[in-house]
file query.txt (compact mmCIF, N, CA and C atoms)
# COMPACT_ATOMS: atom_id res chain seq x y z
N MET A 475 0.85 -1.16 0.00
CA MET A 475 0.00 0.00 0.00
C MET A 475 0.90 1.23 0.00
N LYS A 476 0.57 2.20 -0.86
CA LYS A 476 1.34 3.43 -0.99
C LYS A 476 0.36 4.60 -0.96
N ILE A 477 0.70 5.62 -0.17
CA ILE A 477 -0.17 6.79 -0.08
C ILE A 477 0.66 8.04 -0.32
N PHE A 478 0.11 8.97 -1.10
CA PHE A 478 0.80 10.22 -1.40
C PHE A 478 -0.23 11.27 -1.78
N TYR A 479 0.24 12.51 -1.92
CA TYR A 479 -0.64 13.58 -2.37
C TYR A 479 0.00 14.27 -3.57
N THR A 480 -0.84 14.87 -4.40
CA THR A 480 -0.35 15.52 -5.61
C THR A 480 0.25 16.87 -5.26
N LEU A 481 1.34 17.21 -5.93
CA LEU A 481 2.04 18.46 -5.69
C LEU A 481 1.62 19.50 -6.71
N GLY A 482 2.44 20.54 -6.90
CA GLY A 482 2.10 21.65 -7.79
C GLY A 482 1.75 21.21 -9.19
N GLY A 483 0.80 21.87 -9.77
CA GLY A 483 0.34 21.52 -11.11
C GLY A 483 -0.71 20.42 -11.03
N SER A 484 -1.39 20.19 -12.12
CA SER A 484 -2.39 19.14 -12.17
C SER A 484 -1.74 17.84 -12.62
N TYR A 485 -2.20 16.75 -12.07
CA TYR A 485 -1.65 15.44 -12.40
C TYR A 485 -2.61 14.67 -13.28
N LEU A 486 -2.05 13.93 -14.21
CA LEU A 486 -2.82 12.97 -14.98
C LEU A 486 -2.45 11.58 -14.47
N ILE A 487 -3.42 10.92 -13.86
CA ILE A 487 -3.21 9.56 -13.38
C ILE A 487 -4.23 8.69 -14.09
N HIS A 488 -3.74 7.82 -14.94
CA HIS A 488 -4.60 6.95 -15.77
C HIS A 488 -5.62 7.80 -16.54
N ASN A 489 -5.12 8.88 -17.16
CA ASN A 489 -5.91 9.78 -18.01
C ASN A 489 -7.02 10.51 -17.26
N LYS A 490 -6.87 10.72 -15.98
CA LYS A 490 -7.81 11.56 -15.22
C LYS A 490 -7.00 12.63 -14.51
N GLN A 491 -7.49 13.86 -14.59
CA GLN A 491 -6.77 15.00 -14.04
C GLN A 491 -7.25 15.26 -12.60
N PHE A 492 -6.27 15.45 -11.69
CA PHE A 492 -6.58 15.71 -10.29
C PHE A 492 -5.96 17.03 -9.88
N PRO A 493 -6.63 17.78 -9.00
CA PRO A 493 -6.08 19.07 -8.55
C PRO A 493 -4.96 18.89 -7.53
N ILE A 494 -4.32 19.99 -7.18
CA ILE A 494 -3.27 20.00 -6.17
C ILE A 494 -3.86 19.57 -4.83
N GLY A 495 -3.13 18.74 -4.11
CA GLY A 495 -3.56 18.33 -2.78
C GLY A 495 -4.47 17.12 -2.74
N THR A 496 -4.63 16.41 -3.84
CA THR A 496 -5.45 15.20 -3.85
C THR A 496 -4.66 14.07 -3.20
N VAL A 497 -5.29 13.37 -2.27
CA VAL A 497 -4.66 12.23 -1.61
C VAL A 497 -4.98 10.98 -2.41
N ILE A 498 -3.94 10.21 -2.75
CA ILE A 498 -4.11 9.01 -3.57
C ILE A 498 -3.56 7.82 -2.80
N LEU A 499 -4.36 6.77 -2.72
CA LEU A 499 -3.98 5.54 -2.05
C LEU A 499 -3.90 4.43 -3.09
N GLN A 500 -2.72 3.83 -3.25
CA GLN A 500 -2.53 2.73 -4.18
C GLN A 500 -2.46 1.43 -3.39
N LEU A 501 -3.32 0.50 -3.73
CA LEU A 501 -3.36 -0.78 -3.04
C LEU A 501 -2.49 -1.81 -3.76
N GLU A 502 -2.30 -2.98 -3.13
CA GLU A 502 -1.44 -4.01 -3.72
C GLU A 502 -2.00 -4.58 -5.02
N ASN A 503 -3.34 -4.62 -5.14
CA ASN A 503 -3.95 -5.16 -6.35
C ASN A 503 -4.11 -4.11 -7.45
N LYS A 504 -3.35 -3.01 -7.35
CA LYS A 504 -3.28 -1.92 -8.32
C LYS A 504 -4.57 -1.10 -8.42
N VAL A 505 -5.43 -1.23 -7.44
CA VAL A 505 -6.60 -0.36 -7.35
C VAL A 505 -6.14 0.94 -6.71
N GLU A 506 -6.59 2.07 -7.24
CA GLU A 506 -6.23 3.37 -6.70
C GLU A 506 -7.47 4.11 -6.25
N ILE A 507 -7.36 4.72 -5.08
CA ILE A 507 -8.45 5.51 -4.51
C ILE A 507 -7.96 6.94 -4.37
N ALA A 508 -8.70 7.90 -4.92
CA ALA A 508 -8.29 9.31 -4.89
C ALA A 508 -9.41 10.15 -4.27
N CYS A 509 -9.01 11.08 -3.40
CA CYS A 509 -9.97 11.99 -2.78
C CYS A 509 -9.33 13.37 -2.68
N SER A 510 -10.09 14.41 -3.06
CA SER A 510 -9.56 15.77 -2.99
C SER A 510 -10.36 16.67 -2.06
N ASN A 511 -11.51 16.21 -1.56
CA ASN A 511 -12.34 17.04 -0.71
C ASN A 511 -12.46 16.40 0.67
N PHE A 512 -11.73 16.96 1.64
CA PHE A 512 -11.80 16.48 3.02
C PHE A 512 -12.51 17.50 3.90
N ASN A 513 -13.21 18.44 3.30
CA ASN A 513 -13.87 19.50 4.04
C ASN A 513 -15.30 19.09 4.42
N ILE A 514 -15.42 17.94 5.04
CA ILE A 514 -16.71 17.43 5.49
C ILE A 514 -16.50 16.83 6.88
N PRO A 515 -17.58 16.64 7.65
CA PRO A 515 -17.41 16.00 8.96
C PRO A 515 -16.87 14.57 8.81
N LYS A 516 -16.14 14.13 9.82
CA LYS A 516 -15.49 12.83 9.77
C LYS A 516 -16.50 11.68 9.74
N GLU A 517 -17.69 11.91 10.26
CA GLU A 517 -18.69 10.85 10.31
C GLU A 517 -19.32 10.57 8.95
N GLN A 518 -19.27 11.53 8.03
CA GLN A 518 -19.91 11.36 6.73
C GLN A 518 -19.01 10.59 5.77
N ASP A 519 -19.62 10.09 4.70
CA ASP A 519 -18.88 9.37 3.69
C ASP A 519 -18.06 10.34 2.84
N LEU A 520 -16.89 9.86 2.39
CA LEU A 520 -16.04 10.66 1.52
C LEU A 520 -16.38 10.39 0.06
N LEU A 521 -16.36 11.44 -0.74
CA LEU A 521 -16.53 11.28 -2.18
C LEU A 521 -15.17 10.93 -2.76
N VAL A 522 -15.01 9.73 -3.29
CA VAL A 522 -13.73 9.26 -3.80
C VAL A 522 -13.88 8.80 -5.24
N PHE A 523 -12.76 8.82 -5.94
CA PHE A 523 -12.68 8.24 -7.27
C PHE A 523 -11.86 6.97 -7.15
N LEU A 524 -12.40 5.88 -7.69
CA LEU A 524 -11.75 4.58 -7.58
C LEU A 524 -11.37 4.11 -8.98
N TYR A 525 -10.10 3.74 -9.16
CA TYR A 525 -9.62 3.24 -10.45
C TYR A 525 -9.67 1.73 -10.43
N ASN A 526 -10.40 1.16 -11.37
CA ASN A 526 -10.50 -0.28 -11.49
C ASN A 526 -9.56 -0.73 -12.61
N PRO A 527 -8.46 -1.44 -12.29
CA PRO A 527 -7.48 -1.79 -13.33
C PRO A 527 -7.97 -2.86 -14.30
N SER A 528 -8.98 -3.64 -13.91
CA SER A 528 -9.45 -4.69 -14.83
C SER A 528 -10.22 -4.10 -16.01
N ILE A 529 -11.01 -3.05 -15.76
CA ILE A 529 -11.73 -2.42 -16.88
C ILE A 529 -11.13 -1.06 -17.25
N LYS A 530 -10.11 -0.62 -16.49
CA LYS A 530 -9.34 0.60 -16.76
C LYS A 530 -10.21 1.85 -16.83
N THR A 531 -11.04 2.03 -15.82
CA THR A 531 -11.88 3.22 -15.75
C THR A 531 -11.89 3.76 -14.33
N TRP A 532 -12.21 5.05 -14.21
CA TRP A 532 -12.41 5.70 -12.92
C TRP A 532 -13.90 5.73 -12.64
N GLU A 533 -14.26 5.43 -11.40
CA GLU A 533 -15.65 5.45 -10.99
C GLU A 533 -15.77 6.27 -9.71
N LYS A 534 -16.89 6.96 -9.55
CA LYS A 534 -17.12 7.83 -8.41
C LYS A 534 -17.97 7.09 -7.37
N TYR A 535 -17.52 7.13 -6.10
CA TYR A 535 -18.23 6.45 -5.02
C TYR A 535 -18.26 7.33 -3.78
N LEU A 536 -19.23 7.06 -2.91
CA LEU A 536 -19.24 7.59 -1.56
C LEU A 536 -18.85 6.43 -0.65
N MET A 537 -17.72 6.57 0.04
CA MET A 537 -17.20 5.45 0.82
C MET A 537 -16.86 5.90 2.24
N LYS A 538 -16.95 4.95 3.16
CA LYS A 538 -16.46 5.11 4.52
C LYS A 538 -16.04 3.73 5.00
N ASN A 539 -14.74 3.47 4.91
CA ASN A 539 -14.19 2.19 5.35
C ASN A 539 -12.77 2.41 5.85
N LYS A 540 -12.01 1.34 6.01
CA LYS A 540 -10.67 1.48 6.58
C LYS A 540 -9.74 2.26 5.64
N TYR A 541 -9.95 2.17 4.33
CA TYR A 541 -9.10 2.90 3.39
C TYR A 541 -9.35 4.40 3.46
N THR A 542 -10.60 4.79 3.57
CA THR A 542 -10.89 6.22 3.69
C THR A 542 -10.41 6.75 5.04
N GLN A 543 -10.43 5.92 6.07
CA GLN A 543 -9.89 6.35 7.36
C GLN A 543 -8.38 6.58 7.28
N ILE A 544 -7.68 5.72 6.54
CA ILE A 544 -6.24 5.91 6.33
C ILE A 544 -5.98 7.21 5.58
N MET A 545 -6.76 7.47 4.54
CA MET A 545 -6.61 8.70 3.76
C MET A 545 -6.92 9.93 4.62
N TRP A 546 -7.96 9.82 5.45
CA TRP A 546 -8.36 10.93 6.32
C TRP A 546 -7.23 11.27 7.29
N ARG A 547 -6.65 10.23 7.94
CA ARG A 547 -5.56 10.46 8.87
C ARG A 547 -4.35 11.04 8.17
N PHE A 548 -4.03 10.57 6.97
CA PHE A 548 -2.90 11.10 6.20
C PHE A 548 -3.11 12.57 5.87
N TYR A 549 -4.34 12.93 5.46
CA TYR A 549 -4.63 14.33 5.13
C TYR A 549 -4.50 15.21 6.37
N ARG A 550 -5.05 14.78 7.50
CA ARG A 550 -4.99 15.59 8.72
C ARG A 550 -3.56 15.74 9.22
N LYS A 551 -2.75 14.70 9.05
CA LYS A 551 -1.37 14.75 9.50
C LYS A 551 -0.54 15.70 8.63
N ASN A 552 -0.80 15.75 7.32
CA ASN A 552 -0.02 16.54 6.38
C ASN A 552 -0.79 17.74 5.84
N ARG A 553 -1.78 18.21 6.58
CA ARG A 553 -2.64 19.30 6.10
C ARG A 553 -1.86 20.57 5.78
N ASN A 554 -0.89 20.94 6.62
CA ASN A 554 -0.14 22.17 6.39
C ASN A 554 0.82 22.05 5.21
N LYS A 555 1.25 20.85 4.88
CA LYS A 555 2.09 20.67 3.69
C LYS A 555 1.25 20.64 2.42
N ILE A 556 0.07 20.03 2.50
CA ILE A 556 -0.80 19.91 1.32
C ILE A 556 -1.37 21.27 0.94
N ASN A 557 -1.96 21.97 1.89
CA ASN A 557 -2.52 23.31 1.66
C ASN A 557 -1.91 24.24 2.69
N PRO A 558 -0.75 24.84 2.40
CA PRO A 558 -0.10 25.68 3.41
C PRO A 558 -0.92 26.93 3.72
N PRO A 559 -0.82 27.42 4.96
CA PRO A 559 -1.56 28.64 5.31
C PRO A 559 -1.00 29.85 4.57
N HIS A 560 -1.86 30.81 4.31
CA HIS A 560 -1.47 32.01 3.58
C HIS A 560 -0.66 32.92 4.50
N ARG A 561 0.51 33.34 4.04
CA ARG A 561 1.35 34.27 4.78
C ARG A 561 1.50 35.54 3.95
N PRO A 562 0.92 36.64 4.39
CA PRO A 562 1.00 37.86 3.60
C PRO A 562 2.43 38.41 3.58
N HIS A 563 2.79 39.08 2.49
CA HIS A 563 4.12 39.66 2.35
C HIS A 563 4.25 40.98 3.10
N TYR A 564 3.17 41.63 3.33
CA TYR A 564 3.18 42.90 4.05
C TYR A 564 1.88 43.00 4.84
N SER A 565 1.90 43.84 5.84
CA SER A 565 0.68 43.99 6.63
C SER A 565 -0.24 44.98 5.92
N HIS A 566 -1.49 44.65 5.92
CA HIS A 566 -2.49 45.50 5.28
C HIS A 566 -2.92 46.58 6.26
N LYS A 567 -2.79 47.83 5.87
CA LYS A 567 -3.25 48.93 6.71
C LYS A 567 -4.50 49.51 6.09
N SER A 568 -5.36 49.98 6.94
CA SER A 568 -6.57 50.59 6.42
C SER A 568 -6.26 52.00 5.92
N TYR A 569 -7.15 52.55 5.17
CA TYR A 569 -6.99 53.89 4.61
C TYR A 569 -6.86 54.90 5.73
N LYS A 570 -7.62 54.70 6.80
CA LYS A 570 -7.60 55.62 7.93
C LYS A 570 -6.23 55.62 8.61
N ASP A 571 -5.60 54.44 8.71
CA ASP A 571 -4.28 54.37 9.33
C ASP A 571 -3.22 55.06 8.48
N LYS A 572 -3.34 54.97 7.16
CA LYS A 572 -2.33 55.57 6.28
C LYS A 572 -2.47 57.09 6.21
N PHE A 573 -3.72 57.58 6.07
CA PHE A 573 -3.93 58.99 5.77
C PHE A 573 -4.78 59.70 6.81
N GLY A 574 -4.92 59.15 7.99
CA GLY A 574 -5.74 59.76 9.02
C GLY A 574 -5.05 60.96 9.64
N PRO A 575 -5.75 61.65 10.53
CA PRO A 575 -5.18 62.86 11.13
C PRO A 575 -3.98 62.57 12.04
N CYS A 576 -3.88 61.42 12.58
CA CYS A 576 -2.77 61.10 13.49
C CYS A 576 -1.65 60.34 12.79
N SER A 577 -1.70 60.22 11.49
CA SER A 577 -0.70 59.42 10.80
C SER A 577 0.64 60.14 10.70
N ARG A 578 0.62 61.51 10.59
CA ARG A 578 1.86 62.27 10.50
C ARG A 578 2.15 62.95 11.82
N SER A 579 3.40 63.12 12.10
CA SER A 579 3.80 63.77 13.33
C SER A 579 3.53 65.27 13.24
N SER A 580 2.97 65.83 14.30
CA SER A 580 2.69 67.28 14.31
C SER A 580 3.78 68.04 15.05
N HIS A 581 4.85 67.40 15.45
CA HIS A 581 5.94 68.04 16.18
C HIS A 581 6.87 68.76 15.20
N VAL A 582 7.09 70.05 15.45
CA VAL A 582 8.01 70.84 14.64
C VAL A 582 9.27 71.04 15.47
N PRO A 583 10.43 70.65 14.95
CA PRO A 583 11.66 70.81 15.72
C PRO A 583 11.93 72.28 16.06
N SER A 584 12.63 72.50 17.16
CA SER A 584 12.87 73.87 17.63
C SER A 584 13.77 74.65 16.67
N ALA A 585 14.71 74.00 16.00
CA ALA A 585 15.58 74.70 15.05
C ALA A 585 14.79 75.21 13.86
N VAL A 586 13.82 74.44 13.41
CA VAL A 586 12.97 74.88 12.29
C VAL A 586 12.08 76.02 12.75
N ARG A 587 11.57 75.94 13.95
CA ARG A 587 10.73 77.00 14.48
C ARG A 587 11.54 78.30 14.63
N TRP A 588 12.79 78.21 15.06
CA TRP A 588 13.64 79.38 15.20
C TRP A 588 13.95 79.99 13.84
N ALA A 589 14.24 79.14 12.82
CA ALA A 589 14.54 79.64 11.48
C ALA A 589 13.33 80.33 10.88
N ALA A 590 12.15 79.80 11.17
CA ALA A 590 10.94 80.42 10.64
C ALA A 590 10.67 81.77 11.31
N ALA A 591 11.08 81.92 12.55
CA ALA A 591 10.84 83.17 13.27
C ALA A 591 11.87 84.23 12.95
N ASN A 592 13.05 83.85 12.51
CA ASN A 592 14.12 84.79 12.25
C ASN A 592 14.12 85.16 10.76
N PRO A 593 13.85 86.42 10.42
CA PRO A 593 13.73 86.80 9.01
C PRO A 593 15.08 86.79 8.29
N PHE A 594 16.18 86.84 8.98
CA PHE A 594 17.47 86.89 8.31
C PHE A 594 17.95 85.49 7.87
N TYR A 595 17.28 84.44 8.30
CA TYR A 595 17.68 83.09 7.91
C TYR A 595 16.65 82.42 7.02
N GLY A 596 16.00 83.14 6.20
CA GLY A 596 15.11 82.61 5.17
C GLY A 596 13.69 82.39 5.60
N GLY A 597 13.33 82.78 6.78
CA GLY A 597 11.95 82.56 7.20
C GLY A 597 11.32 83.83 7.68
N ARG A 598 10.05 83.80 7.88
CA ARG A 598 9.36 84.93 8.47
C ARG A 598 8.13 84.44 9.22
N MET A 599 7.75 85.09 10.20
CA MET A 599 6.61 84.73 11.00
C MET A 599 5.40 85.44 10.44
N SER A 600 4.34 84.71 10.25
CA SER A 600 3.14 85.36 9.72
C SER A 600 2.06 85.45 10.77

call {"tool": "encode", "arguments": {"input": "query.txt", "output": "structure tokens"}}
result
Amino acid sequence: MKIFYTLGGSYLIHNKQFPIGTVILQLENKVEIACSNFNIPKEQDLLVFLYNPSIKTWEKYLMKNKYTQIMWRFYRKNRNKINPPHRPHYSHKSYKDKFGPCSRSSHVPSAVRWAAANPFYGGRMS
């Protein structure tokens, strides 16, 4: 028995395309079980695609047995590798934080205030 998940890009497995993060279980008798939606309660049946090597077709089933339990545990164990959490590159600030009344400092240095008050150094008081 071999279990793995699909990585970047879409995979063609026996002429069927699967999205990123699909968990695939290969059994000894060359039957393959694939599931891509684990966003359901654990008590419900999983929607899986089953490859039958004798007739070489994919069939859709709702299953809940020991194989789906193995797939469920594998997905939960590797959830952060399969679908990593989003990490933003920068923090999002609201418009109010960027351009609000308190966004700029209202402190005027004393040297600038003195230059503005002294008319001989390029400034004047109005």

call {"tool": "closest_residue", "arguments": {"input": "query.txt", "among": "A:Ile556, A:Leu520, A:Ala590, A:Ile477", "to": "A:Gly495", "atoms": "only N, CA and C atoms"}}
result
A:Ile556

call {"tool": "closest_residue", "arguments": {"input": "query.txt", "among": "A:Leu501, A:Met537, A:Leu524, A:Cys509", "to": "A:Thr480", "atoms": "only C-alpha atoms"}}
result
A:Cys509

call {"tool": "atom_distance", "arguments": {"input": "query.txt", "atom1": "atom CA of A:Asn539", "atom2": "atom CA of A:Leu481"}}
result
25.5 Å

call {"tool": "residues_near_point", "arguments": {"input": "query.txt", "point": "(-15.4, 7.7, 8.7)", "cutoff": "6.5 Å", "atoms": "only N, CA and C atoms", "output": "ChimeraX atom specification"}}
result
/A:516-519,538-539,542-543

call {"tool": "closest_residue", "arguments": {"input": "query.txt", "among": "A:Thr531, A:Ser584, A:Gln500, A:Asn554", "to": "A:His488", "atoms": "all atoms listed in the file"}}
result
A:Thr531

call {"tool": "atom_distance", "arguments": {"input": "query.txt", "atom1": "atom CA of A:Tyr485", "atom2": "atom CA of A:Ile498"}}
result
11.2 Å

call {"tool": "atom_distance", "arguments": {"input": "query.txt", "atom1": "atom CA of A:Tyr541", "atom2": "atom CA of A:Ile507"}}
result
8.3 Å

call {"tool": "closest_residue", "arguments": {"input": "query.txt", "among": "A:Lys540, A:Pro493, A:Lys504, A:Asn557", "to": "A:Asn526", "atoms": "only C-alpha atoms"}}
result
A:Lys504

call {"tool": "residues_around", "arguments": {"input": "query.txt", "residues": "A:Leu499", "least_positions_apart": "5", "cutoff": "6 Å", "atoms": "only N, CA and C atoms", "output": "CSV table (one decimal) with N, CA and C atoms, in the coordinates of the input"}}
result
chain,number,residue,atom,x,y,z
A,476,LYS,N,0.6,2.2,-0.9
A,476,LYS,CA,1.3,3.4,-1.0
A,476,LYS,C,0.4,4.6,-1.0
A,477,ILE,N,0.7,5.6,-0.2
A,477,ILE,CA,-0.2,6.8,-0.1
A,477,ILE,C,0.7,8.0,-0.3
A,478,PHE,N,0.1,9.0,-1.1
A,478,PHE,CA,0.8,10.2,-1.4
A,478,PHE,C,-0.2,11.3,-1.8
A,505,VAL,N,-5.4,-1.2,-7.4
A,505,VAL,CA,-6.6,-0.4,-7.4
A,505,VAL,C,-6.1,0.9,-6.7
A,506,GLU,N,-6.6,2.1,-7.2
A,506,GLU,CA,-6.2,3.4,-6.7
A,506,GLU,C,-7.5,4.1,-6.2
A,507,ILE,N,-7.4,4.7,-5.1
A,507,ILE,CA,-8.4,5.5,-4.5
A,507,ILE,C,-8.0,6.9,-4.4
A,508,ALA,N,-8.7,7.9,-4.9
A,508,ALA,CA,-8.3,9.3,-4.9
A,508,ALA,C,-9.4,10.2,-4.3

call {"tool": "residues_around", "arguments": {"input": "query.txt", "residues": "A:Asn511", "least_positions_apart": "6", "cutoff": "9 Å", "atoms": "only C-alpha atoms", "output": "PyMOL selection string"}}
result
chain A and resi 496+520-522

call {"tool": "select_by_dssp", "arguments": {"input": "query.txt", "residues": "stretch 507-570 of chain A", "states": "alpha helix (DSSP H)", "output": "list in words"}}
result
Lys540, Tyr541, Thr542, Gln543, Ile544, Met545, Trp546, Arg547, Phe548, Tyr549, Arg550, Lys551, Arg553, Asn554, Lys555, Ile556, Tyr569 and Lys570 of chain A

call {"tool": "write_last_selection", "arguments": {"input": "query.txt", "atoms": "N, CA and C atoms", "output": "mmCIF file, in the frame of the given file"}}
result
data_model
loop_
_atom_site.group_PDB
_atom_site.id
_atom_site.type_symbol
_atom_site.label_atom_id
_atom_site.label_comp_id
_atom_site.auth_asym_id
_atom_site.auth_seq_id
_atom_site.Cartn_x
_atom_site.Cartn_y
_atom_site.Cartn_z
ATOM 1 N N LYS A 540 -12.010 1.340 6.010
ATOM 2 C CA LYS A 540 -10.670 1.480 6.580
ATOM 3 C C LYS A 540 -9.740 2.260 5.640
ATOM 4 N N TYR A 541 -9.950 2.170 4.330
ATOM 5 C CA TYR A 541 -9.100 2.900 3.390
ATOM 6 C C TYR A 541 -9.350 4.400 3.460
ATOM 7 N N THR A 542 -10.600 4.790 3.570
ATOM 8 C CA THR A 542 -10.890 6.220 3.690
ATOM 9 C C THR A 542 -10.410 6.750 5.040
ATOM 10 N N GLN A 543 -10.430 5.920 6.070
ATOM 11 C CA GLN A 543 -9.890 6.350 7.360
ATOM 12 C C GLN A 543 -8.380 6.580 7.280
ATOM 13 N N ILE A 544 -7.680 5.720 6.540
ATOM 14 C CA ILE A 544 -6.240 5.910 6.330
ATOM 15 C C ILE A 544 -5.980 7.210 5.580
ATOM 16 N N MET A 545 -6.760 7.470 4.540
ATOM 17 C CA MET A 545 -6.610 8.700 3.760
ATOM 18 C C MET A 545 -6.920 9.930 4.620
ATOM 19 N N TRP A 546 -7.960 9.820 5.450
ATOM 20 C CA TRP A 546 -8.360 10.930 6.320
ATOM 21 C C TRP A 546 -7.230 11.270 7.290
ATOM 22 N N ARG A 547 -6.650 10.230 7.940
ATOM 23 C CA ARG A 547 -5.560 10.460 8.870
ATOM 24 C C ARG A 547 -4.350 11.040 8.170
ATOM 25 N N PHE A 548 -4.030 10.570 6.970
ATOM 26 C CA PHE A 548 -2.900 11.100 6.200
ATOM 27 C C PHE A 548 -3.110 12.570 5.870
ATOM 28 N N TYR A 549 -4.340 12.930 5.460
ATOM 29 C CA TYR A 549 -4.630 14.330 5.130
ATOM 30 C C TYR A 549 -4.500 15.210 6.370
ATOM 31 N N ARG A 550 -5.050 14.780 7.500
ATOM 32 C CA ARG A 550 -4.990 15.590 8.720
ATOM 33 C C ARG A 550 -3.560 15.740 9.220
ATOM 34 N N LYS A 551 -2.750 14.700 9.050
ATOM 35 C CA LYS A 551 -1.370 14.750 9.500
ATOM 36 C C LYS A 551 -0.540 15.700 8.630
ATOM 37 N N ARG A 553 -1.780 18.210 6.580
ATOM 38 C CA ARG A 553 -2.640 19.300 6.100
ATOM 39 C C ARG A 553 -1.860 20.570 5.780
ATOM 40 N N ASN A 554 -0.890 20.940 6.620
ATOM 41 C CA ASN A 554 -0.140 22.170 6.390
ATOM 42 C C ASN A 554 0.820 22.050 5.210
ATOM 43 N N LYS A 555 1.250 20.850 4.880
ATOM 44 C CA LYS A 555 2.090 20.670 3.690
ATOM 45 C C LYS A 555 1.250 20.640 2.420
ATOM 46 N N ILE A 556 0.070 20.030 2.500
ATOM 47 C CA ILE A 556 -0.800 19.910 1.320
ATOM 48 C C ILE A 556 -1.370 21.270 0.940
ATOM 49 N N TYR A 569 -7.150 52.550 5.170
ATOM 50 C CA TYR A 569 -6.990 53.890 4.610
ATOM 51 C C TYR A 569 -6.860 54.900 5.730
ATOM 52 N N LYS A 570 -7.620 54.700 6.800
ATOM 53 C CA LYS A 570 -7.600 55.620 7.930
ATOM 54 C C LYS A 570 -6.230 55.620 8.610
#

call {"tool": "axis_aligned_box", "arguments": {"input": "query.txt", "around": "stretch 496-504 of chain A", "padding_each_side": "8 Å", "output": "AutoDock Vina command-line options"}}
result
--center_x -3.4 --center_y 5.6 --center_z -5.0 --size_x 20.0 --size_y 37.6 --size_z 22.8

call {"tool": "decode", "arguments": {"input": "query.txt", "residues": "stretch 507-521 of chain A", "atoms": "N, CA and C atoms", "output": "PDB file, in the first residue's frame"}}
result
ATOM      1  N   ILE A 507      -7.358   4.724  -5.075  1.00  0.00           N
ATOM      2  CA  ILE A 507      -8.451   5.509  -4.511  1.00  0.00           C
ATOM      3  C   ILE A 507      -7.956   6.942  -4.373  1.00  0.00           C
ATOM      4  N   ALA A 508      -8.697   7.902  -4.916  1.00  0.00           N
ATOM      5  CA  ALA A 508      -8.292   9.309  -4.890  1.00  0.00           C
ATOM      6  C   ALA A 508      -9.405  10.150  -4.272  1.00  0.00           C
ATOM      7  N   CYS A 509      -9.012  11.078  -3.405  1.00  0.00           N
ATOM      8  CA  CYS A 509      -9.970  11.992  -2.783  1.00  0.00           C
ATOM      9  C   CYS A 509      -9.334  13.371  -2.680  1.00  0.00           C
ATOM     10  N   SER A 510     -10.088  14.407  -3.055  1.00  0.00           N
ATOM     11  CA  SER A 510      -9.561  15.770  -2.991  1.00  0.00           C
ATOM     12  C   SER A 510     -10.365  16.670  -2.059  1.00  0.00           C
ATOM     13  N   ASN A 511     -11.513  16.208  -1.565  1.00  0.00           N
ATOM     14  CA  ASN A 511     -12.343  17.045  -0.706  1.00  0.00           C
ATOM     15  C   ASN A 511     -12.458  16.400   0.674  1.00  0.00           C
ATOM     16  N   PHE A 512     -11.728  16.958   1.644  1.00  0.00           N
ATOM     17  CA  PHE A 512     -11.805  16.482   3.018  1.00  0.00           C
ATOM     18  C   PHE A 512     -12.508  17.500   3.902  1.00  0.00           C
ATOM     19  N   ASN A 513     -13.209  18.440   3.301  1.00  0.00           N
ATOM     20  CA  ASN A 513     -13.869  19.502   4.036  1.00  0.00           C
ATOM     21  C   ASN A 513     -15.298  19.091   4.417  1.00  0.00           C
ATOM     22  N   ILE A 514     -15.419  17.939   5.037  1.00  0.00           N
ATOM     23  CA  ILE A 514     -16.708  17.430   5.494  1.00  0.00           C
ATOM     24  C   ILE A 514     -16.504  16.834   6.882  1.00  0.00           C
ATOM     25  N   PRO A 515     -17.576  16.642   7.648  1.00  0.00           N
ATOM     26  CA  PRO A 515     -17.411  15.995   8.957  1.00  0.00           C
ATOM     27  C   PRO A 515     -16.868  14.571   8.812  1.00  0.00           C
ATOM     28  N   LYS A 516     -16.144  14.132   9.824  1.00  0.00           N
ATOM     29  CA  LYS A 516     -15.493  12.827   9.770  1.00  0.00           C
ATOM     30  C   LYS A 516     -16.504  11.679   9.737  1.00  0.00           C
ATOM     31  N   GLU A 517     -17.693  11.908  10.264  1.00  0.00           N
ATOM     32  CA  GLU A 517     -18.694  10.845  10.312  1.00  0.00           C
ATOM     33  C   GLU A 517     -19.325  10.568   8.950  1.00  0.00           C
ATOM     34  N   GLN A 518     -19.270  11.527   8.034  1.00  0.00           N
ATOM     35  CA  GLN A 518     -19.911  11.356   6.729  1.00  0.00           C
ATOM     36  C   GLN A 518     -19.006  10.590   5.771  1.00  0.00           C
ATOM     37  N   ASP A 519     -19.625  10.092   4.704  1.00  0.00           N
ATOM     38  CA  ASP A 519     -18.876   9.366   3.685  1.00  0.00           C
ATOM     39  C   ASP A 519     -18.058  10.336   2.845  1.00  0.00           C
ATOM     40  N   LEU A 520     -16.892   9.861   2.394  1.00  0.00           N
ATOM     41  CA  LEU A 520     -16.035  10.663   1.516  1.00  0.00           C
ATOM     42  C   LEU A 520     -16.380  10.393   0.062  1.00  0.00           C
ATOM     43  N   LEU A 521     -16.363  11.435  -0.735  1.00  0.00           N
ATOM     44  CA  LEU A 521     -16.530  11.283  -2.178  1.00  0.00           C
ATOM     45  C   LEU A 521     -15.167  10.933  -2.759  1.00  0.00           C
TER      46      LEU A 521
END
